[in-house]
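Asks: One structure follows; several queries about it will come next.
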Amino acid sequence: MSIAFPTPDEAVLSRRNEILAGLGRLVAPEALIVTEDERRAFETDGLTAYRQLPLAVVLPSSTEEVAAVLRFCRDQGVKVVPRGAGTSLSGGAIPQPDAIVLGVAKMNRVLEVDFENRVARVQSGITNLAISQAVAHEGFFYAPDPSSQLACTIAGNIAMNSGGAHCLKYGVTTNNLLGVTMVLLDGTVVELGGRHLDSPGYDLLGLVCGSEGQLGIVTEATVRILRAAEGARPALLGFERVEDAGACVAAIIAAGIIPVALEYMDRPAIRICEAFAHAGYPLDVEAMLIVEVEGSDAEIDDMLRRIVAIAEPFRPKTVKVSQSEAESAAIWKGRKSAFGATGRVADYICMDGTIPTGQLPHVLKRIDEIAKSYGLGVANVFHAGDGNLHPLVMFDTAKPGEMEKAEAAGEDILRLCVEVGGCLTGEHGVGIEKRDLMTCQFNAADLEQQMRVRGVFDPGWLLNPAKVFPLEGRVAA
Amino acid sequence: MSSLIPRDEQDAASIVAQAKGRGTLLNLCGNGTKASMGRPSQTDATLSAAALTGITLYEPAELVISARSGTPLSEVVDTLAGQGQQLPFEPMDYRPLLGSQGEPTIGSVAAMNISGPRRIMAGAARDSLIGVRFVNGRGEVIKSGGRVMKNVTGLDLVKLMAGSWGTLGFLTEVTFKVLPRPERMSTLLIRGLDDGSAVAALSAALGSPFDVTGAAHLPAPDRQGARTLIRLEGFSVSVDYRLNELRRLLKRFGAADILEGRGAEAVWQSVRDATVLQERADRAVWRVSTAPTRGPSLVARVAAAVEAQWFYDWGGGLVWIATPAEGDLGAGAIRAATRELGGHAMLVRAPDADRSRLDVFEPQPEAVMALTRGIKASFDPAGILNPGRMYAGI
Ligand SMILES: Cc1cc2nc3c(=O)[nH]c(=O)nc-3n(C[C@H](O)[C@H](O)[C@H](O)COP(=O)(O)OP(=O)(O)OC[C@H]3O[C@@H](n4cnc5c(N)ncnc54)[C@H](O)[C@@H]3O)c2cc1C
Ligand SMILES: Cc1cc2nc3c(=O)[nH]c(=O)nc-3n(C[C@H](O)[C@H](O)[C@H](O)COP(=O)(O)OP(=O)(O)OC[C@H]3O[C@@H](n4cnc5c(N)ncnc54)[C@H](O)[C@@H]3O)c2cc1C
């Protein structure tokens, strides 16, 4: 384990019984989880290499209960780790022994759908997919679509400013969020934004989005819902050279086309996914693009024809334009199985960094060299339109030292992203995973300004501490 | 009053650090085209970005442009147009409404989060602003965000800077995400609708799958003169298809004409710049944001209390209202309506004296103001940057 956790507060640990009794007075018995067995379910999130048992877990069912619990924790000096579904890949929801986990999963109702104004108001523990399902009967959907959408909550999406395959066209969470109800650590309930666009004063909603549970607990959200396009269809393009695939992405965008999705897979990823999903992917190419466009049938045909023509000068070895629902499903099945399929052939860590797309060929070459230098394999599947890379660094847990090597390789890759003008994380967040790398993207003044802002919301640093900012770095307002 | 015009970012940092040491209050500006907006503030010197000019990075294939904050907006717009691209949020030009001269700067677009009719679809400036460099009130150079579209590294100070009106820091460089300019722009025009039916028609259009990029209603004293506008953009084949579908969808609201070319561009420019309300320069002008379908009720309430002219943008979500520049300028009626129906109002145009005595921005609940004061102090502990420009003490 290379990521350090702070030493637990002995005073809090020794008062555990008293603290549990206090919490017991604030929420129903079934909302308070104290036994070790049951707490175990909350000891980690999607970053499963790290585990810590929390002091207790509280699952409130209203904003008022959240406020009462937070006020109590503030008074008692107890740390609070907010949690949605626990799918964070950066360890954002991993607890600490002297902290309670405050989960919003029970608060999962749709409060109101207003189709005319194209907004939905929901409790924050609702899953991302459930929002779309609640409005689908009128042909609407909620746009940001992380691959984890079946499980992850809108609370987690807001905290991580999550995105998905379709964010090239529709943006990420911050572009689709109109308002939140949030509880501050002292129990104050604030309403930020509302049913309208653009709020007066500072853009606190924009600040909260992506703040990784450091500023308050979000209990309700008002999100934009959009009318779904009439149809969507992908094309698959395979190239002999990485450079050609990269240049094709640039050419598509230069031609004025913003596809709804533009996914990139390298050779190892294609092989792994094809072996699993039998999607009909070409095995004789170095790189593959999946380009999806939306609209009526005629619009889609027109757009895909343009895209194929744009690709021509880059001599694609494979050009497959989907002609049916079934073909589209097959193309996407391979891509969507990437994580699962890789998991069958190796253990892996999924990195998440962003680069200027012009740097793609250089960065992919360097990633390969970095992995090789540690004796590891790497597969790349990512959103090419916005340069958000997800190298899967593969290793074998059974071999001692390999996981540490994978972590070191991952770190080198992230440093590389920053070096070429990109950033440490495009969608998974900093969490604990990248906390110690923050200093490679930000200097002391940058970080201190962020920490002072954090301190305005939570002067005692009790909310999700030991995440995002260097352990020794905390600065008050 | 002295004018301070730093030649680069370091220079700006030392000017601000000195000002902090001496307690000199600074009035931040680009070229001063919007000097008459916000709360008037009493300052000791003007700190201008006028000499911080030039585009520092433009990668058309990556859809990204960076410029020093004092770069004229027109230079950015023209450079993008040269590659068939544009700022997606279609920033409003305040000069016609305010009667000001000079070149608006790209820094002020970020500082005021300025957007136009495409906001309903493409977002505001804050949605496209992906990176900033600025000098905070301590005289420290700070960067946040960067040049890539997706970035969730640390707290998003970029959003805080967008729309902070120069009260948190002096922007030195801004980076925007850009988009291709559409091949064709076309507008459906329905005449003669009252406000309620017009907003219903706009809602129907915006709730369709046809990617409407502008939805406005310009009422007229004689109902026949009223115009309801729906804009479509994209590749020609696709625009044709969507025009037809929308016409069918909106049949119950009346026949629709199609506007293209110069005429259509001029109409959208007048919506963007609110020149619809420009004629009577003696009137106060308010910008009110609410849930689209509540726009007409909000206007009805205001119009019952004061003599007013208005028009709707964003399908009714944005209402521009002109009121007589006397008494409270309609503030009481407008704020009562936003409180009741949800939303917020900003006093855009009014004499200095009125902008000193009335709330220019929507008053905020105490809990939000407490956070606002905390944030202001964390950037500018001595309170020297644009003091009081947004709220008293902010
Ligand atoms: C298979 C898989 C695929 C994924 N694909 C994507 C993807 O495509 N795009 C993407 O962006 N992410 C992806 N993720 C990452 C993850 O799903 C997202 O970060 C998601 O938003 C986390 O939501 P959650 O409900 O699980 O939150 P959690 O993991 O429970 O928490 C995430 C963070 O949010 C904070 N938080 C939780 N609830 C609240 C609250 N109520 N108030 C304040 N803070 C809170 C937590 O403290 C933590 O910091 C993927 C994860 C997996 C496992
Ligand atoms: C040469 C000159 C001398 C002046 N002398 C006086 C005087 O003596 N007394 C007086 O009262 N007024 C004076 N003014 C007018 C006025 O004080 C300022 O021009 C005006 O208040 C600020 O400009 P603006 O907001 O209109 O600039 P715009 O460029 O229109 O900026 C609009 C908003 O954005 C902010 N902003 C702009 N650029 C930045 C940036 N780089 N970083 C952060 N925020 C930014 C501004 O603070 C403002 O909130 C003078 C103006 C000029 C140009």
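Each chain in the structure tokens gets a letter, A, B and so on, in the order shown; residues start at 1 in every chain, and ligands are counted from 1 in the order they appear.
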Select residues of chain A: the criterion is any atom within 7 Å of an atom of chain B, counting only C-alpha atoms; output as number ranges by chain.
Replies: A: 116-117, 161, 175, 190, 195-197, 200, 202-204, 206-207, 210-211, 227-230, 250, 253-254, 256, 299, 354-358, 386, 388, 422-427, 429-430, 445-446, 450, 452-453, 456, 468, 477
Asks: For ligand 2, return the neighbouring residues as a list of chain:residue names (distance at most 6 Å; only C-alpha atoms and all ligand atoms).
Replies: B:Met1, B:Asn27, B:Leu28, B:Cys29, B:Gly30, B:Asn31, B:Gly32, B:Thr33, B:Lys34, B:Ala35, B:Ala49, B:Ser69, B:Pro104, B:Thr105, B:Gly107, B:Ser108, B:Ala111, B:Met112, B:Trp165, B:Gly166, B:Gly169, B:Phe170, B:Leu171, B:Thr172
Asks: Might you pull out every residue within 9 Å of B:Val299, with only C-alpha atoms counted and same-chain residues fewer than 5 positions away left off, and present them as a ChimeraX atom specification?
Replies: /B:294,304,308,310,319,321,334,337
Asks: Please produce an output containing N, CA and C atoms for each residue in the selection, written as a short mmCIF file (atom, residue, chain, number, x, y, z; two decimals), in the first residue's frame.
Replies:
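Saved the output as result.cif:
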```cif
data_model
loop_
_atom_site.label_atom_id
_atom_site.label_comp_id
_atom_site.auth_asym_id
_atom_site.auth_seq_id
_atom_site.Cartn_x
_atom_site.Cartn_y
_atom_site.Cartn_z
N ARG B 294 -42.81 29.90 -16.77
CA ARG B 294 -43.26 30.91 -15.80
C ARG B 294 -43.00 32.33 -16.29
N ALA B 304 -48.63 44.52 -14.37
CA ALA B 304 -49.78 45.01 -13.62
C ALA B 304 -49.35 46.13 -12.67
N ALA B 308 -44.45 48.63 -18.65
CA ALA B 308 -43.24 47.90 -19.02
C ALA B 308 -43.27 47.43 -20.48
N TRP B 310 -41.15 44.32 -22.87
CA TRP B 310 -40.37 43.12 -22.59
C TRP B 310 -40.23 42.24 -23.81
N VAL B 319 -36.13 36.79 -19.55
CA VAL B 319 -37.03 37.87 -19.93
C VAL B 319 -36.29 39.19 -19.73
N ILE B 321 -36.80 43.13 -19.46
CA ILE B 321 -37.90 44.03 -19.16
C ILE B 321 -37.39 45.47 -19.03
N ILE B 334 -40.76 43.33 -9.60
CA ILE B 334 -39.95 42.28 -10.23
C ILE B 334 -39.44 41.30 -9.17
N ALA B 337 -42.07 39.05 -7.90
CA ALA B 337 -42.39 38.00 -8.87
C ALA B 337 -41.33 36.90 -8.88
#
```
Asks: A:Met288: which residues within 7 Å, counting only C-alpha atoms, same-chain residues fewer than 2 positions away excluded, as a list of chain:residue names?
Replies: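 Residues meeting the cut-off are A:Leu237, A:Gly238, A:Phe239, A:Tyr264, A:Met265, A:Asp266, A:Ile290.
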Asks: May I have the residues from that selection written out with all heavy atoms, as a CSV table (one decimal), in the first residue's frame?
Replies:
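After the write, out-v4.csv holds the following:
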```csv
chain,number,residue,atom,x,y,z
A,237,LEU,N,-14.2,2.3,-37.7
A,237,LEU,CA,-13.1,2.5,-38.6
A,237,LEU,C,-11.8,2.0,-38.0
A,237,LEU,O,-11.5,2.3,-36.8
A,237,LEU,CB,-12.9,4.1,-38.8
A,237,LEU,CG,-14.1,4.8,-39.3
A,237,LEU,CD1,-13.9,6.3,-39.1
A,237,LEU,CD2,-14.4,4.5,-40.7
A,238,GLY,N,-11.2,1.1,-38.8
A,238,GLY,CA,-9.9,0.5,-38.3
A,238,GLY,C,-8.7,1.0,-39.1
A,238,GLY,O,-8.8,1.2,-40.3
A,239,PHE,N,-7.6,1.4,-38.4
A,239,PHE,CA,-6.4,2.0,-39.0
A,239,PHE,C,-5.2,1.2,-38.8
A,239,PHE,O,-5.0,0.5,-37.7
A,239,PHE,CB,-6.2,3.4,-38.6
A,239,PHE,CG,-7.4,4.3,-38.9
A,239,PHE,CD1,-8.4,4.4,-38.0
A,239,PHE,CD2,-7.4,5.0,-40.0
A,239,PHE,CE1,-9.5,5.2,-38.2
A,239,PHE,CE2,-8.5,5.8,-40.3
A,239,PHE,CZ,-9.5,6.0,-39.4
A,264,TYR,N,-12.1,5.5,-28.9
A,264,TYR,CA,-10.8,5.0,-29.5
A,264,TYR,C,-10.4,3.7,-28.8
A,264,TYR,O,-10.5,3.6,-27.6
A,264,TYR,CB,-9.7,6.0,-29.3
A,264,TYR,CG,-8.4,5.7,-29.9
A,264,TYR,CD1,-7.9,6.5,-31.0
A,264,TYR,CD2,-7.5,4.8,-29.3
A,264,TYR,CE1,-6.7,6.2,-31.5
A,264,TYR,CE2,-6.3,4.5,-29.9
A,264,TYR,CZ,-5.9,5.2,-31.0
A,264,TYR,OH,-4.6,5.0,-31.5
A,265,MET,N,-10.0,2.7,-29.5
A,265,MET,CA,-9.4,1.5,-28.9
A,265,MET,C,-8.1,1.1,-29.6
A,265,MET,O,-8.0,1.2,-30.8
A,265,MET,CB,-10.4,0.3,-29.1
A,265,MET,CG,-11.8,0.5,-28.3
A,265,MET,SD,-13.0,-0.7,-28.7
A,265,MET,CE,-12.5,-2.0,-27.7
A,266,ASP,N,-7.1,0.7,-28.8
A,266,ASP,CA,-5.9,0.3,-29.4
A,266,ASP,C,-5.9,-1.2,-29.6
A,266,ASP,O,-6.8,-1.9,-29.2
A,266,ASP,CB,-4.7,0.8,-28.6
A,266,ASP,CG,-4.5,0.1,-27.3
A,266,ASP,OD1,-5.3,-0.8,-27.0
A,266,ASP,OD2,-3.5,0.4,-26.6
A,290,ILE,N,-14.8,4.2,-32.9
A,290,ILE,CA,-16.3,4.0,-33.0
A,290,ILE,C,-16.8,5.5,-33.1
A,290,ILE,O,-16.6,6.2,-32.1
A,290,ILE,CB,-16.8,3.3,-31.8
A,290,ILE,CG1,-16.2,1.9,-31.8
A,290,ILE,CG2,-18.4,3.2,-32.0
A,290,ILE,CD1,-16.7,1.1,-30.5
```
Asks: Show me which residues are within 7 Å of ligand 1 counting only C-alpha atoms and all ligand atoms, and format the list as a PyMOL selection string.
Replies: chain A and resi 45-46+81-89+92-93+103-104+124-125+145-149+151-165+212-214+216-219+339+427-429+431+464
Asks: Using only C-alpha atoms for the distances, tell me which of A:Gln359, A:Ile370, A:Cys167, A:Ala326 is nearest to A:His383.
Replies: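 Nearest candidate to A:His383 out of A:Gln359, A:Ile370, A:Cys167, A:Ala326: A:Cys167.
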Asks: Quick one, how far is atom CA of A:Pro282 from atom CA of A:Ser373?
Replies: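 Atom-to-atom, atom CA of A:Pro282 to atom CA of A:Ser373, that is 28.0 Å.
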Asks: Please, which residues of stretch 18-47 of chain A, numbered as in this document, come out helix (DSSP H, G or I) from DSSP, as a list in words?
Replies: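 Listing helix (DSSP H, G or I) positions across stretch 18-47 of chain A yields Glu18, Ile19, Leu20, Ala21, Gly22, Leu23, Gly24, Pro29, Glu30, Ala31, Glu36, Asp37, Glu38, Arg39, Arg40, Ala41 and Phe42 of chain A.
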Asks: May I ask which of the residues B:Gly21, B:Val16, B:Ser3, B:Ser186 is the closest one to B:Ala45, counting only C-alpha atoms?
Replies: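 Nearest to B:Ala45: B:Ser3.
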Asks: As a VMD selection string, list the residues of stretch 250-342 of chain A assigned to strand (DSSP E) by DSSP on the backbone atoms of this structure.
Replies: chain A and resid 261 to 266 287 to 295 318 to 321
Asks: With N, CA and C atoms retained, export the selected residues as a PDB file, in the first residue's frame.
Replies:
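Ended up saving to again_2.pdb:
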```pdb
ATOM      1  N   ALA A 261     -20.629  10.440 -30.028  1.00  0.00           N
ATOM      2  CA  ALA A 261     -19.577   9.688 -29.332  1.00  0.00           C
ATOM      3  C   ALA A 261     -18.446   9.417 -30.309  1.00  0.00           C
ATOM      4  N   LEU A 262     -17.233   9.401 -29.795  1.00  0.00           N
ATOM      5  CA  LEU A 262     -16.049   9.176 -30.628  1.00  0.00           C
ATOM      6  C   LEU A 262     -15.060   8.411 -29.755  1.00  0.00           C
ATOM      7  N   GLU A 263     -15.119   7.082 -29.864  1.00  0.00           N
ATOM      8  CA  GLU A 263     -14.340   6.230 -28.963  1.00  0.00           C
ATOM      9  C   GLU A 263     -13.133   5.636 -29.679  1.00  0.00           C
ATOM     10  N   TYR A 264     -12.056   5.479 -28.939  1.00  0.00           N
ATOM     11  CA  TYR A 264     -10.810   4.972 -29.499  1.00  0.00           C
ATOM     12  C   TYR A 264     -10.408   3.693 -28.777  1.00  0.00           C
ATOM     13  N   MET A 265      -9.980   2.681 -29.526  1.00  0.00           N
ATOM     14  CA  MET A 265      -9.449   1.468 -28.895  1.00  0.00           C
ATOM     15  C   MET A 265      -8.136   1.108 -29.573  1.00  0.00           C
ATOM     16  N   ASP A 266      -7.134   0.716 -28.785  1.00  0.00           N
ATOM     17  CA  ASP A 266      -5.877   0.300 -29.411  1.00  0.00           C
ATOM     18  C   ASP A 266      -5.875  -1.223 -29.605  1.00  0.00           C
ATOM     19  N   ALA A 287      -5.376   0.528 -34.467  1.00  0.00           N
ATOM     20  CA  ALA A 287      -6.284   1.398 -33.726  1.00  0.00           C
ATOM     21  C   ALA A 287      -7.647   1.393 -34.390  1.00  0.00           C
ATOM     22  N   MET A 288      -8.662   1.586 -33.549  1.00  0.00           N
ATOM     23  CA  MET A 288     -10.020   1.546 -34.071  1.00  0.00           C
ATOM     24  C   MET A 288     -10.819   2.700 -33.485  1.00  0.00           C
ATOM     25  N   LEU A 289     -11.681   3.294 -34.307  1.00  0.00           N
ATOM     26  CA  LEU A 289     -12.566   4.342 -33.809  1.00  0.00           C
ATOM     27  C   LEU A 289     -14.007   3.864 -33.916  1.00  0.00           C
ATOM     28  N   ILE A 290     -14.808   4.202 -32.912  1.00  0.00           N
ATOM     29  CA  ILE A 290     -16.251   4.038 -33.031  1.00  0.00           C
ATOM     30  C   ILE A 290     -16.824   5.451 -33.051  1.00  0.00           C
ATOM     31  N   VAL A 291     -17.478   5.788 -34.151  1.00  0.00           N
ATOM     32  CA  VAL A 291     -18.026   7.138 -34.293  1.00  0.00           C
ATOM     33  C   VAL A 291     -19.534   7.021 -34.361  1.00  0.00           C
ATOM     34  N   GLU A 292     -20.225   7.647 -33.422  1.00  0.00           N
ATOM     35  CA  GLU A 292     -21.682   7.558 -33.457  1.00  0.00           C
ATOM     36  C   GLU A 292     -22.305   8.925 -33.733  1.00  0.00           C
ATOM     37  N   VAL A 293     -23.321   8.931 -34.602  1.00  0.00           N
ATOM     38  CA  VAL A 293     -24.048  10.179 -34.873  1.00  0.00           C
ATOM     39  C   VAL A 293     -25.533   9.953 -34.634  1.00  0.00           C
ATOM     40  N   GLU A 294     -26.246  11.077 -34.456  1.00  0.00           N
ATOM     41  CA  GLU A 294     -27.662  11.020 -34.096  1.00  0.00           C
ATOM     42  C   GLU A 294     -28.532  11.772 -35.082  1.00  0.00           C
ATOM     43  N   GLY A 295     -29.818  11.465 -35.055  1.00  0.00           N
ATOM     44  CA  GLY A 295     -30.788  12.219 -35.850  1.00  0.00           C
ATOM     45  C   GLY A 295     -31.788  11.283 -36.492  1.00  0.00           C
ATOM     46  N   THR A 318     -10.465  -1.022 -42.229  1.00  0.00           N
ATOM     47  CA  THR A 318     -11.828  -1.505 -42.011  1.00  0.00           C
ATOM     48  C   THR A 318     -12.768  -0.303 -41.971  1.00  0.00           C
ATOM     49  N   VAL A 319     -13.860  -0.401 -42.712  1.00  0.00           N
ATOM     50  CA  VAL A 319     -14.913   0.612 -42.607  1.00  0.00           C
ATOM     51  C   VAL A 319     -16.213  -0.147 -42.507  1.00  0.00           C
ATOM     52  N   LYS A 320     -16.862  -0.015 -41.353  1.00  0.00           N
ATOM     53  CA  LYS A 320     -18.103  -0.756 -41.179  1.00  0.00           C
ATOM     54  C   LYS A 320     -19.152   0.208 -40.665  1.00  0.00           C
ATOM     55  N   VAL A 321     -20.111   0.523 -41.527  1.00  0.00           N
ATOM     56  CA  VAL A 321     -21.179   1.431 -41.112  1.00  0.00           C
ATOM     57  C   VAL A 321     -22.363   0.580 -40.688  1.00  0.00           C
TER      58      VAL A 321
END
```
Asks: Near B:Glu103, within 10 Å and counting only C-alpha atoms, which residues show up once chain neighbours fewer than 2 positions away are dropped, as a count of residues only?
Replies: 17
Asks: From the list A:His362, A:His166, A:Lys467, A:His390, which residue is nearest A:Gln96 when using only C-alpha atoms?
Replies: A:Lys467
Asks: Just the number, please: distance in Å from atom CA of A:Ser62 to atom CA of A:Gly179, one decimal.
Replies: 17.4 Å
Asks: Take atom CA of A:Arg344 and atom CA of A:Phe395 and report the distance between them in Å, one decimal.
Replies: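 These atoms are spaced 11.8 Å apart.
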